[in-house]
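Data block for upload.tsv (TSV, C-alpha atoms):
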chain	number	residue	atom	x	y	z
B	1	MET	CA	5.23	243.54	-0.29
B	2	ASP	CA	7.07	242.85	-3.56
B	3	VAL	CA	10.60	244.20	-3.05
B	4	THR	CA	11.71	243.30	-6.60
B	5	GLN	CA	10.11	246.55	-7.79
B	6	VAL	CA	9.43	250.02	-6.42
B	7	PRO	CA	6.34	249.54	-4.20
B	8	GLU	CA	3.34	251.73	-4.98
B	9	PHE	CA	5.35	253.82	-7.45
B	10	PHE	CA	2.47	254.80	-9.74
B	11	VAL	CA	0.02	255.11	-6.84
B	12	MET	CA	2.18	257.66	-5.02
B	13	LEU	CA	3.20	259.51	-8.16
B	14	HIS	CA	-0.31	259.90	-9.59
B	15	ASN	CA	-2.34	259.95	-6.42
B	16	THR	CA	-5.80	261.51	-6.66
B	17	GLU	CA	-6.06	262.27	-2.97
B	18	LEU	CA	-6.12	265.72	-1.44
B	19	PRO	CA	-3.32	268.09	-2.55
B	20	GLU	CA	-1.53	267.95	0.80
B	21	GLN	CA	-1.44	264.15	0.81
B	22	ARG	CA	-0.36	264.05	-2.83
B	23	SER	CA	2.59	266.34	-2.21
B	24	LEU	CA	3.67	264.39	0.87
B	25	GLN	CA	3.50	261.06	-0.93
B	26	ARG	CA	5.45	262.33	-3.93
B	27	SER	CA	8.10	263.80	-1.68
B	28	PHE	CA	8.37	260.56	0.29
B	29	LEU	CA	8.66	258.50	-2.91
B	30	LEU	CA	11.40	260.68	-4.42
B	31	SER	CA	13.31	260.82	-1.13
B	32	LEU	CA	13.16	257.02	-0.91
B	33	LEU	CA	14.57	256.71	-4.43
B	34	ARG	CA	17.29	259.27	-3.70
B	35	ASP	CA	18.49	257.40	-0.61
B	36	GLY	CA	17.93	253.88	-1.96
B	37	ILE	CA	19.64	253.76	-5.36
B	38	LYS	CA	23.21	252.72	-4.64
B	39	SER	CA	24.03	249.68	-6.79
B	40	ARG	CA	23.34	248.06	-10.12
B	41	GLN	CA	20.63	245.87	-8.58
B	42	ASP	CA	18.81	248.93	-7.23
B	43	TYR	CA	18.89	250.39	-10.73
B	44	LEU	CA	17.36	247.21	-12.17
B	45	VAL	CA	14.60	247.29	-9.56
B	46	CYS	CA	13.77	250.82	-10.73
B	47	ALA	CA	13.84	249.66	-14.35
B	48	ARG	CA	10.95	247.28	-13.70
B	49	ARG	CA	8.73	250.32	-13.12
B	50	ARG	CA	10.46	252.51	-15.74
B	51	VAL	CA	11.39	254.92	-12.95
B	52	PHE	CA	14.07	256.87	-14.82
B	53	ARG	CA	12.12	257.05	-18.07
B	54	ILE	CA	9.21	258.59	-16.16
B	55	LEU	CA	11.24	260.93	-13.93
B	56	LEU	CA	13.32	262.28	-16.82
B	57	SER	CA	10.13	263.00	-18.74
B	58	LEU	CA	8.43	264.67	-15.75
B	59	GLN	CA	11.20	267.12	-14.87
B	60	PRO	CA	11.16	269.47	-17.89
B	61	SER	CA	7.34	269.42	-18.07
B	62	ASN	CA	4.55	270.80	-15.90
B	63	LEU	CA	3.08	267.37	-15.14
B	64	LEU	CA	4.34	267.63	-11.56
B	65	SER	CA	2.44	270.83	-11.03
B	66	ASP	CA	-1.16	270.77	-9.91
B	67	LYS	CA	-3.49	273.73	-10.09
B	68	THR	CA	-5.23	272.49	-6.97
B	69	ASP	CA	-1.94	272.09	-5.09
B	70	LYS	CA	-2.14	275.56	-3.61
B	71	VAL	CA	-3.03	277.02	-0.26
B	72	VAL	CA	-5.76	279.55	-0.90
B	73	PHE	CA	-6.39	282.21	1.69
B	74	VAL	CA	-9.64	284.02	1.05
B	75	PHE	CA	-9.32	287.70	1.79
B	76	ILE	CA	-11.35	290.67	0.81
B	77	PHE	CA	-8.56	291.89	-1.47
B	78	VAL	CA	-8.17	289.69	-4.54
B	79	PRO	CA	-4.44	290.47	-5.22
B	80	ILE	CA	-3.43	288.97	-1.85
B	81	GLU	CA	-5.28	285.75	-2.64
B	82	PHE	CA	-3.49	285.35	-5.96
B	83	GLU	CA	-0.15	286.09	-4.39
B	84	PHE	CA	-0.50	283.25	-1.85
B	85	GLU	CA	-1.69	280.86	-4.57
B	86	PHE	CA	1.31	281.53	-6.75
B	87	LEU	CA	3.88	281.24	-3.99
B	88	SER	CA	2.51	277.97	-2.61
B	89	GLY	CA	2.16	276.25	-6.00
B	90	HIS	CA	5.56	277.47	-7.18
B	91	PHE	CA	7.27	276.17	-4.01
B	92	SER	CA	5.66	272.72	-4.31
B	93	LEU	CA	6.68	272.31	-7.96
B	94	PHE	CA	10.19	273.59	-7.33
B	95	TYR	CA	10.72	271.20	-4.40
B	96	LEU	CA	9.63	268.14	-6.39
B	97	GLN	CA	11.86	269.10	-9.33
B	98	ARG	CA	14.77	269.50	-6.94
B	99	LEU	CA	14.14	266.01	-5.55
B	100	ILE	CA	14.23	264.52	-9.06
B	101	LEU	CA	17.66	266.06	-9.60
B	102	GLU	CA	18.78	264.59	-6.28
B	103	VAL	CA	17.61	261.12	-7.40
B	104	VAL	CA	19.67	261.48	-10.57
B	105	GLN	CA	22.71	262.75	-8.66
B	106	SER	CA	22.54	259.81	-6.23
B	107	SER	CA	22.47	257.35	-9.13
B	108	LEU	CA	25.48	259.00	-10.78
B	109	GLN	CA	27.80	257.73	-8.05
B	110	ASN	CA	27.87	254.34	-9.81
B	111	SER	CA	29.96	254.32	-13.01
B	112	ILE	CA	27.97	251.64	-14.88
B	113	ILE	CA	24.68	253.39	-14.11
B	114	THR	CA	26.21	256.70	-15.19
B	115	TYR	CA	27.28	255.31	-18.57
B	116	ASP	CA	23.88	253.69	-19.09
B	117	LEU	CA	22.06	256.94	-18.33
B	118	ILE	CA	24.32	258.85	-20.72
B	119	GLN	CA	24.29	256.35	-23.58
B	120	HIS	CA	20.72	255.06	-23.43
B	121	ARG	CA	18.75	257.77	-21.60
B	122	GLY	CA	20.34	260.91	-23.06
B	123	LEU	CA	21.28	262.24	-19.62
B	124	ILE	CA	23.61	265.04	-20.77
B	125	MET	CA	21.12	266.35	-23.34
B	126	TRP	CA	18.39	266.12	-20.69
B	127	LEU	CA	20.44	268.22	-18.27
B	128	ASP	CA	21.09	270.69	-21.07
B	129	SER	CA	17.35	271.02	-21.72
B	130	LEU	CA	16.72	271.83	-18.04
B	131	LEU	CA	18.78	274.99	-18.39
B	132	LEU	CA	15.94	276.44	-20.44
B	133	THR	CA	13.58	276.32	-17.45
B	134	ASP	CA	13.47	279.13	-14.90
B	135	THR	CA	13.18	276.72	-11.97
B	136	VAL	CA	16.56	275.12	-12.57
B	137	ALA	CA	18.14	278.45	-13.44
B	138	ASP	CA	17.20	279.70	-9.97
B	139	GLU	CA	19.08	276.77	-8.44
B	140	ALA	CA	22.14	276.68	-10.68
B	141	SER	CA	24.27	275.48	-7.77
B	142	GLN	CA	22.36	272.18	-7.68
B	143	MET	CA	22.95	271.67	-11.40
B	144	VAL	CA	26.66	272.27	-10.82
B	145	SER	CA	26.64	269.61	-8.09
B	146	VAL	CA	24.95	267.09	-10.42
B	147	VAL	CA	27.46	267.73	-13.21
B	148	THR	CA	30.35	267.56	-10.71
B	149	THR	CA	29.20	264.14	-9.46
B	150	MET	CA	28.82	262.86	-13.02
B	151	TRP	CA	32.28	264.07	-14.06
B	152	ASP	CA	34.02	262.76	-10.93
B	153	THR	CA	32.47	259.33	-11.53
B	154	LEU	CA	33.48	259.26	-15.21
B	155	TYR	CA	37.02	260.47	-14.55
B	156	THR	CA	37.64	258.16	-11.58
B	157	HIS	CA	36.41	255.19	-13.60
B	158	MET	CA	38.75	256.10	-16.47
B	159	GLN	CA	41.72	256.39	-14.09
B	160	LYS	CA	40.96	252.94	-12.67
B	161	LYS	CA	40.85	251.52	-16.20
B	162	ARG	CA	44.26	253.05	-16.92
B	163	GLU	CA	45.62	251.45	-13.77
B	164	SER	CA	44.01	248.11	-14.79
B	165	LYS	CA	41.89	248.11	-11.64
B	166	GLU	CA	38.70	247.85	-13.68
B	167	LYS	CA	38.03	245.93	-16.90
B	168	ASP	CA	36.54	247.25	-20.10
B	169	ASP	CA	32.94	248.21	-19.31
B	170	GLU	CA	31.40	248.14	-22.80
B	171	GLU	CA	30.05	244.62	-22.36
B	172	ALA	CA	28.86	245.40	-18.82
B	173	ILE	CA	26.95	248.46	-20.04
B	174	ALA	CA	25.38	246.52	-22.92
B	175	LYS	CA	24.42	243.69	-20.55
B	176	LEU	CA	22.88	246.16	-18.12
B	177	GLU	CA	20.79	247.69	-20.90
B	178	GLN	CA	19.57	244.25	-21.96
B	179	GLU	CA	18.53	243.52	-18.38
B	180	VAL	CA	16.79	246.90	-18.19
B	181	GLU	CA	14.81	246.07	-21.34
B	182	MET	CA	13.84	242.69	-19.89
B	183	MET	CA	12.77	244.28	-16.60
B	184	GLU	CA	10.62	246.85	-18.41
B	185	ALA	CA	9.06	244.10	-20.53
B	186	GLU	CA	8.16	242.11	-17.42
B	187	ASP	CA	6.24	245.09	-16.07
B	188	ASP	CA	3.88	245.15	-19.06
B	189	ASP	CA	0.38	243.89	-18.53
B	190	LYS	CA	0.15	240.15	-19.15
B	191	PRO	CA	-1.77	239.47	-22.37
B	192	ASP	CA	-4.32	236.75	-22.73
B	193	LYS	CA	-3.46	233.37	-24.25
B	194	THR	CA	-4.65	234.33	-27.76
B	195	THR	CA	-2.52	237.46	-27.81
B	196	ALA	CA	0.45	235.65	-26.32
B	197	LYS	CA	0.52	233.14	-29.18
B	198	ASN	CA	0.61	235.84	-31.86
B	199	LYS	CA	3.06	238.12	-30.04
B	200	PRO	CA	6.64	237.89	-31.36
B	201	PRO	CA	9.44	237.14	-28.86
B	202	LEU	CA	11.27	240.03	-27.22
B	203	GLN	CA	14.18	241.27	-29.33
B	204	THR	CA	17.16	242.20	-27.18
B	205	SER	CA	19.78	244.53	-28.55
B	206	LYS	CA	22.90	242.86	-29.84
B	207	VAL	CA	26.34	244.01	-28.88
B	208	SER	CA	28.36	245.10	-31.87
B	209	SER	CA	31.66	243.28	-32.24
B	210	ARG	CA	33.23	246.37	-33.77
B	211	LYS	CA	34.75	248.58	-31.08
B	212	PRO	CA	34.80	252.39	-31.30
B	213	ILE	CA	38.10	253.95	-32.30
B	214	TRP	CA	38.79	255.26	-28.78
B	215	ASN	CA	38.64	251.70	-27.42
B	216	LEU	CA	41.49	250.65	-29.72
B	217	LEU	CA	43.95	252.62	-27.60
B	218	PRO	CA	46.18	250.82	-25.07
B	219	MET	CA	44.71	250.38	-21.60
B	220	GLN	CA	47.19	252.86	-20.10
B	221	GLN	CA	45.99	255.51	-22.57
B	222	GLN	CA	42.24	255.02	-22.27
B	223	VAL	CA	40.12	258.15	-22.68
B	224	ILE	CA	36.48	258.98	-22.12
B	225	ALA	CA	34.49	258.70	-25.35
B	226	PRO	CA	35.01	261.93	-27.36
B	227	TRP	CA	31.29	262.27	-28.11
B	228	ILE	CA	30.57	262.26	-24.37
B	229	MET	CA	33.26	264.89	-23.82
B	230	CYS	CA	31.86	267.17	-26.54
B	231	GLU	CA	28.33	266.92	-25.14
B	232	LEU	CA	29.63	267.52	-21.63
B	233	MET	CA	31.66	270.52	-22.75
B	234	GLN	CA	28.64	272.04	-24.47
B	235	LEU	CA	26.61	271.48	-21.29
B	236	MET	CA	29.27	273.26	-19.23
B	237	ILE	CA	29.26	276.25	-21.59
B	238	ASN	CA	25.47	276.52	-21.49
B	239	LEU	CA	25.53	276.10	-17.71
B	240	TRP	CA	27.89	279.05	-17.42
B	241	ARG	CA	25.35	281.34	-19.08
B	242	VAL	CA	22.92	280.52	-16.29
B	243	LEU	CA	25.60	280.83	-13.58
B	244	TYR	CA	26.81	284.19	-14.86
B	245	GLU	CA	23.33	285.68	-14.56
B	246	ALA	CA	22.73	284.03	-11.18
B	247	GLU	CA	25.94	285.48	-9.64
B	248	PRO	CA	27.32	282.29	-8.06
B	249	ASN	CA	28.92	282.10	-4.64
B	250	TYR	CA	32.49	280.90	-4.09
B	251	ALA	CA	31.66	277.22	-3.53
B	252	THR	CA	29.62	276.99	-6.73
B	253	PHE	CA	32.15	278.90	-8.83
B	254	ASN	CA	35.06	276.86	-7.48
B	255	LYS	CA	33.33	273.56	-8.35
B	256	TYR	CA	32.38	274.81	-11.78
B	257	ALA	CA	35.89	276.08	-12.57
B	258	ARG	CA	37.44	272.79	-11.42
B	259	VAL	CA	35.12	270.65	-13.55
B	260	LEU	CA	35.38	272.89	-16.62
B	261	CYS	CA	39.17	272.89	-16.32
B	262	SER	CA	39.25	269.09	-15.97
B	263	VAL	CA	36.88	268.52	-18.91
B	264	ALA	CA	38.78	270.88	-21.22
B	265	SER	CA	42.11	269.36	-20.15
B	266	HIS	CA	40.88	265.84	-20.92
B	267	ILE	CA	39.70	266.94	-24.36
B	268	GLN	CA	43.17	268.32	-25.06
B	269	GLU	CA	44.79	265.15	-23.66
B	270	SER	CA	42.52	262.89	-25.73
B	271	LYS	CA	43.40	264.83	-28.85
B	272	SER	CA	47.14	264.40	-28.30
B	273	ILE	CA	46.83	260.69	-27.40
B	274	ILE	CA	44.75	259.85	-30.47
B	275	GLN	CA	47.00	261.88	-32.77
B	276	ALA	CA	50.06	260.08	-31.39
B	277	ALA	CA	48.37	256.71	-31.94
B	278	GLN	CA	47.47	257.76	-35.46
B	279	GLU	CA	51.10	258.42	-36.33
B	280	LYS	CA	52.13	254.97	-35.08
B	281	ASP	CA	49.52	252.34	-35.87
B	282	LEU	CA	45.97	253.60	-36.14
B	283	LYS	CA	46.18	255.31	-39.52
B	284	ASN	CA	42.41	255.64	-39.88
B	285	VAL	CA	41.84	257.34	-36.50
B	286	ARG	CA	40.74	260.97	-36.53
B	287	PHE	CA	39.94	263.20	-33.57
B	288	VAL	CA	37.12	265.58	-34.41
B	289	THR	CA	36.03	268.21	-31.89
B	290	PRO	CA	34.43	271.66	-32.24
B	291	PRO	CA	37.23	274.26	-32.34
B	292	CYS	CA	37.60	277.11	-29.85
B	293	MET	CA	34.96	276.05	-27.34
B	294	LEU	CA	36.68	278.23	-24.72
B	295	THR	CA	35.84	281.55	-26.36
B	296	VAL	CA	37.33	284.91	-25.45
B	297	LYS	CA	33.94	286.06	-24.14
B	298	LEU	CA	33.75	283.06	-21.83
B	299	MET	CA	37.27	283.65	-20.54
B	300	ARG	CA	36.56	287.32	-19.96
B	301	GLN	CA	33.51	286.47	-17.86
B	302	LEU	CA	35.40	283.82	-15.87
B	303	VAL	CA	38.14	286.28	-14.98
B	304	GLU	CA	35.52	288.89	-14.07
B	305	VAL	CA	33.68	286.55	-11.67
B	306	SER	CA	36.88	285.07	-10.22
B	307	SER	CA	38.04	288.55	-9.20
B	308	ARG	CA	35.36	288.46	-6.46
B	309	PHE	CA	37.01	285.49	-4.75
B	310	VAL	CA	40.78	285.84	-5.34
B	311	SER	CA	43.33	288.53	-4.58
B	312	ASN	CA	43.67	291.56	-6.86
B	313	LEU	CA	47.06	290.61	-8.31
B	314	PRO	CA	47.22	291.43	-12.06
B	315	ASP	CA	48.38	288.02	-13.35
B	316	LEU	CA	44.89	286.86	-14.41
B	317	LYS	CA	44.18	290.08	-16.31
B	318	ASP	CA	47.61	289.92	-17.96
B	319	HIS	CA	46.95	286.34	-19.04
B	320	LEU	CA	43.53	287.33	-20.37
B	321	ALA	CA	45.08	290.18	-22.36
B	322	ILE	CA	47.39	287.70	-24.11
B	323	VAL	CA	44.44	285.44	-24.99
B	324	GLU	CA	42.47	288.42	-26.34
B	325	SER	CA	45.36	289.71	-28.44
B	326	SER	CA	46.58	286.38	-29.85
B	327	LYS	CA	45.40	285.79	-33.42
B	328	LYS	CA	46.78	282.26	-33.73
B	329	LYS	CA	46.52	279.40	-31.28
B	330	SER	CA	49.68	278.55	-29.40
B	331	SER	CA	51.50	275.30	-30.11
B	332	ALA	CA	52.89	275.09	-26.58
B	333	CYS	CA	51.70	272.64	-23.95
B	334	PRO	CA	48.79	274.10	-21.93
B	335	THR	CA	50.12	272.51	-18.74
B	336	GLU	CA	53.49	274.18	-19.16
B	337	LEU	CA	51.87	277.53	-19.95
B	338	SER	CA	49.73	277.39	-16.81
B	339	ARG	CA	52.77	276.41	-14.71
B	340	ASN	CA	54.61	279.49	-15.94
B	341	TRP	CA	51.72	281.68	-14.86
B	342	GLU	CA	51.53	279.91	-11.51
B	343	ARG	CA	55.23	280.67	-10.93
B	344	ARG	CA	54.62	284.26	-11.96
B	345	HIS	CA	51.75	284.53	-9.49
B	346	SER	CA	53.90	283.08	-6.69
B	347	TYR	CA	56.58	285.64	-7.44
B	348	MET	CA	54.02	288.50	-7.40
B	349	ARG	CA	52.56	287.27	-4.15
B	350	GLU	CA	55.96	287.18	-2.46
B	351	LEU	CA	56.84	290.58	-3.89
B	352	MET	CA	53.58	292.18	-2.73
B	353	ASP	CA	53.59	290.18	0.53
B	354	GLN	CA	49.99	289.01	0.04
B	355	GLU	CA	48.33	285.82	1.22
B	356	GLU	CA	46.25	283.79	-1.23
B	357	ILE	CA	43.53	281.61	0.27
B	358	ASN	CA	41.76	280.53	-2.93
B	359	VAL	CA	44.86	279.61	-4.88
B	360	SER	CA	43.27	276.52	-6.46
B	361	THR	CA	40.55	278.66	-8.04
B	362	ARG	CA	43.14	281.01	-9.46
B	363	TYR	CA	45.19	278.17	-10.93
B	364	ASN	CA	42.10	276.60	-12.50
B	365	VAL	CA	41.31	279.86	-14.27
B	366	HIS	CA	44.95	280.11	-15.43
B	367	LYS	CA	44.70	276.55	-16.80
B	368	LEU	CA	41.52	277.46	-18.67
B	369	LEU	CA	43.18	280.55	-20.12
B	370	SER	CA	46.11	278.43	-21.25
B	371	LEU	CA	43.77	275.91	-22.87
B	372	ALA	CA	41.94	278.75	-24.63
B	373	GLU	CA	45.28	280.08	-25.79
B	374	CYS	CA	45.97	276.66	-27.36
B	375	GLY	CA	42.65	276.61	-29.19
B	376	VAL	CA	40.56	274.24	-27.08
How does the structure come out when it is put into structure tokens?
Amino acid sequence: MDVTQVPEFFVMLHNTELPEQRSLQRSFLLSLLRDGIKSRQDYLVCARRRVFRILLSLQPSNLLSDKTDKVVFVFIFVPIEFEFEFLSGHFSLFYLQRLILEVVQSSLQNSIITYDLIQHRGLIMWLDSLLLTDTVADEASQMVSVVTTMWDTLYTHMQKKRESKEKDDEEAIAKLEQEVEMMEAEDDDKPDKTTAKNKPPLQTSKVSSRKPIWNLLPMQQQVIAPWIMCELMQLMINLWRVLYEAEPNYATFNKYARVLCSVASHIQESKSIIQAAQEKDLKNVRFVTPPCMLTVKLMRQLVEVSSRFVSNLPDLKDHLAIVESSKKKSSACPTELSRNWERRHSYMRELMDQEEINVSTRYNVHKLLSLAECGV
């Protein structure tokens, strides 16, 4: 068996056997990929078979579904037969789509793979497109878990760069993409000698010597690329529309609020860092980001949903009222504003003699309200 590539990948994915065998083989293949992709070398092995190109194209389509992949029970009454067909086929398709998301989430634990998927595979835009499908909307909690894993990997990697524990990864990402292109080229069918003579040599992408403006910052002030942050923020906003209709539980809402708060805070931090660098040395640096991404409507819905999981103290509603009534964005520091509200909440809790179990969720919502108050 050739272990330098995914064995029997196309055979298991496009098997023409009976429906039951086809579903089992696809499930086994996706489970193997989910549990096996851990390192850069595993990612390159998958690249030889174009695994991620194929899986990312299969998920938003109906190519995984099979009209014959249904358990048909023949009864006298026709409506019962159609009901069993629909339920069985829908479950099979939903399970395979869920496994694809699990494969992606497993790969996102590696920072270099994460950057390659974002920069060269359009991962964030792909996740955004999945929100248009009913299948993913029904399992919004899984989408939140995928986005949480991606953000934790990006943010941890950035913190290590600031602490000089990891080097600049631009060259590593470019090198990985070159190796991916070479692996995919090796998987092509070998042409005959006549075709091989006339075929031009493989052109690998060259690494530009000109660095992006955010890479000109000192190592201790490194930020995640602003274009990634804007795409991620837009994904989080679109994800909330699905979550709000799905009525999330506490675990899902808590993870979402934490990630949204962290993403919005990093956008605000990046803006201040780049503006400070502009005043000193980098005169040509500009920070461009869509204004007021944290809208009043979004904040109102967050406070409404958070009231199901936190105590009924009025500090969140009071903070929301200030955001709704303010006509100009505040020039204060969002961190200081949120700390003031946290102290106010502590005082109310002591005064009312109430215990607060989900205090982190409450503080995340206060931080988001403060960021909205400052125009993020």
Inset, instruction - Take CA of Leu132 in chain B and CA of Met293 in chain B and report the distance between them in Å, one decimal. - result: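 CA of Met293 in chain B lies at a distance of 20.2 Å from CA of Leu132 in chain B.
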Inset, instruction - Quick one: pull the distance between CA of Tyr115 in chain B and CA of Pro218 in chain B, Å, one decimal. - result: 20.5 Å
Legend entry - From B:Asn358, B:Val144, B:Leu302, B:Ser338, residue lying nearest Tyr250 in chain B [all atoms listed in the file]: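 Of B:Asn358, B:Val144, B:Leu302, B:Ser338, the one nearest Tyr250 in chain B is B:Asn358, counting all atoms listed in the file.
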Legend entry - Nearest to Arg50 in chain B by atom-to-atom distance, counting all atoms listed in the file, from B:Leu117, B:Ser325, B:Glu181, B:Ala332: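 Counting all atoms listed in the file, the residue closest to Arg50 in chain B is B:Glu181.
Residues lying within 8 Å of (43.4, 259.8, -22.8). Counted over only C-alpha atoms, they are Gln221, Gln222, Val223, Ile224, His266, Glu269, Ser270, Lys271, Ile273 and Ile274 of chain B.
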Inset, instruction - Have a look at B:Trp240, B:Trp151, B:Phe94, B:Phe9 and name the one nearest to Val263 in chain B; count all atoms listed in the file. - result: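 Residue with the minimum atom-to-atom distance to Val263 in chain B: B:Trp151.
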Inset, instruction - Grab the CA of Ser111 in chain B to CA of Thr153 in chain B distance for me, in Å with one decimal place. - result: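 One can read the CA of Ser111 in chain B to CA of Thr153 in chain B distance as 5.8 Å.
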Legend entry - Who sits within 12 Å of Arg344 in chain B, all atoms listed in the file, same chain under 2 positions skipped, as a list in words: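 The residues satisfying every condition are Leu313, Pro314, Asp315, Leu316, Asp318, His319, Leu337, Ser338, Arg339, Asn340, Trp341, Glu342, Ser346, Tyr347, Met348, Arg349, Glu350, Leu351, Tyr363 and His366 of chain B.
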Legend entry - Minimum-distance residue to Arg98 in chain B, chosen among B:Gln142, B:Ser272, B:Gln234, B:Thr295 (using all atoms listed in the file): B:Gln142
Report as AutoDock Vina command-line options the centre and the edge lengths, in Å to one decimal, of the axis-aligned box holding every listed atom of range 328-345 of chain B, padded by 4 Å on each side.
--center_x 50.9 --center_y 278.5 --center_z -21.6 --size_x 16.7 --size_y 20.0 --size_z 32.2
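For range 122-130 of chain B, the list of residues within 8 Å, based on all atoms listed in the file and with local chain neighbours fewer than 4 positions off taken out, reads Leu56, Gln59, Pro60, Leu117, Ile118, Val136, Glu231, Leu232, Leu235, Asn238 and Leu239 of chain B.
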Keeping C-alpha atoms, export the residues of the selection given above as a short mmCIF file (atom, residue, chain, number, x, y, z; two decimals), in the coordinates of the input.
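Once everything was written out, this is result-v1.cif:
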data_model
loop_
_atom_site.label_atom_id
_atom_site.label_comp_id
_atom_site.auth_asym_id
_atom_site.auth_seq_id
_atom_site.Cartn_x
_atom_site.Cartn_y
_atom_site.Cartn_z
CA LEU B 56 13.32 262.28 -16.82
CA GLN B 59 11.20 267.12 -14.87
CA PRO B 60 11.16 269.47 -17.89
CA LEU B 117 22.06 256.94 -18.33
CA ILE B 118 24.32 258.85 -20.72
CA VAL B 136 16.56 275.12 -12.57
CA GLU B 231 28.33 266.92 -25.14
CA LEU B 232 29.63 267.52 -21.63
CA LEU B 235 26.61 271.48 -21.29
CA ASN B 238 25.47 276.52 -21.49
CA LEU B 239 25.53 276.10 -17.71
#
Inset, instruction - Pick out the residues sitting within 8 Å of Leu368 in chain B, and hand them over as an NGL selection string; count only C-alpha atoms, and ignore anything fewer than 3 positions along from it in its own chain. - result: :B and (260-261 or 264 or 294 or 299 or 364-365 or 371-372)
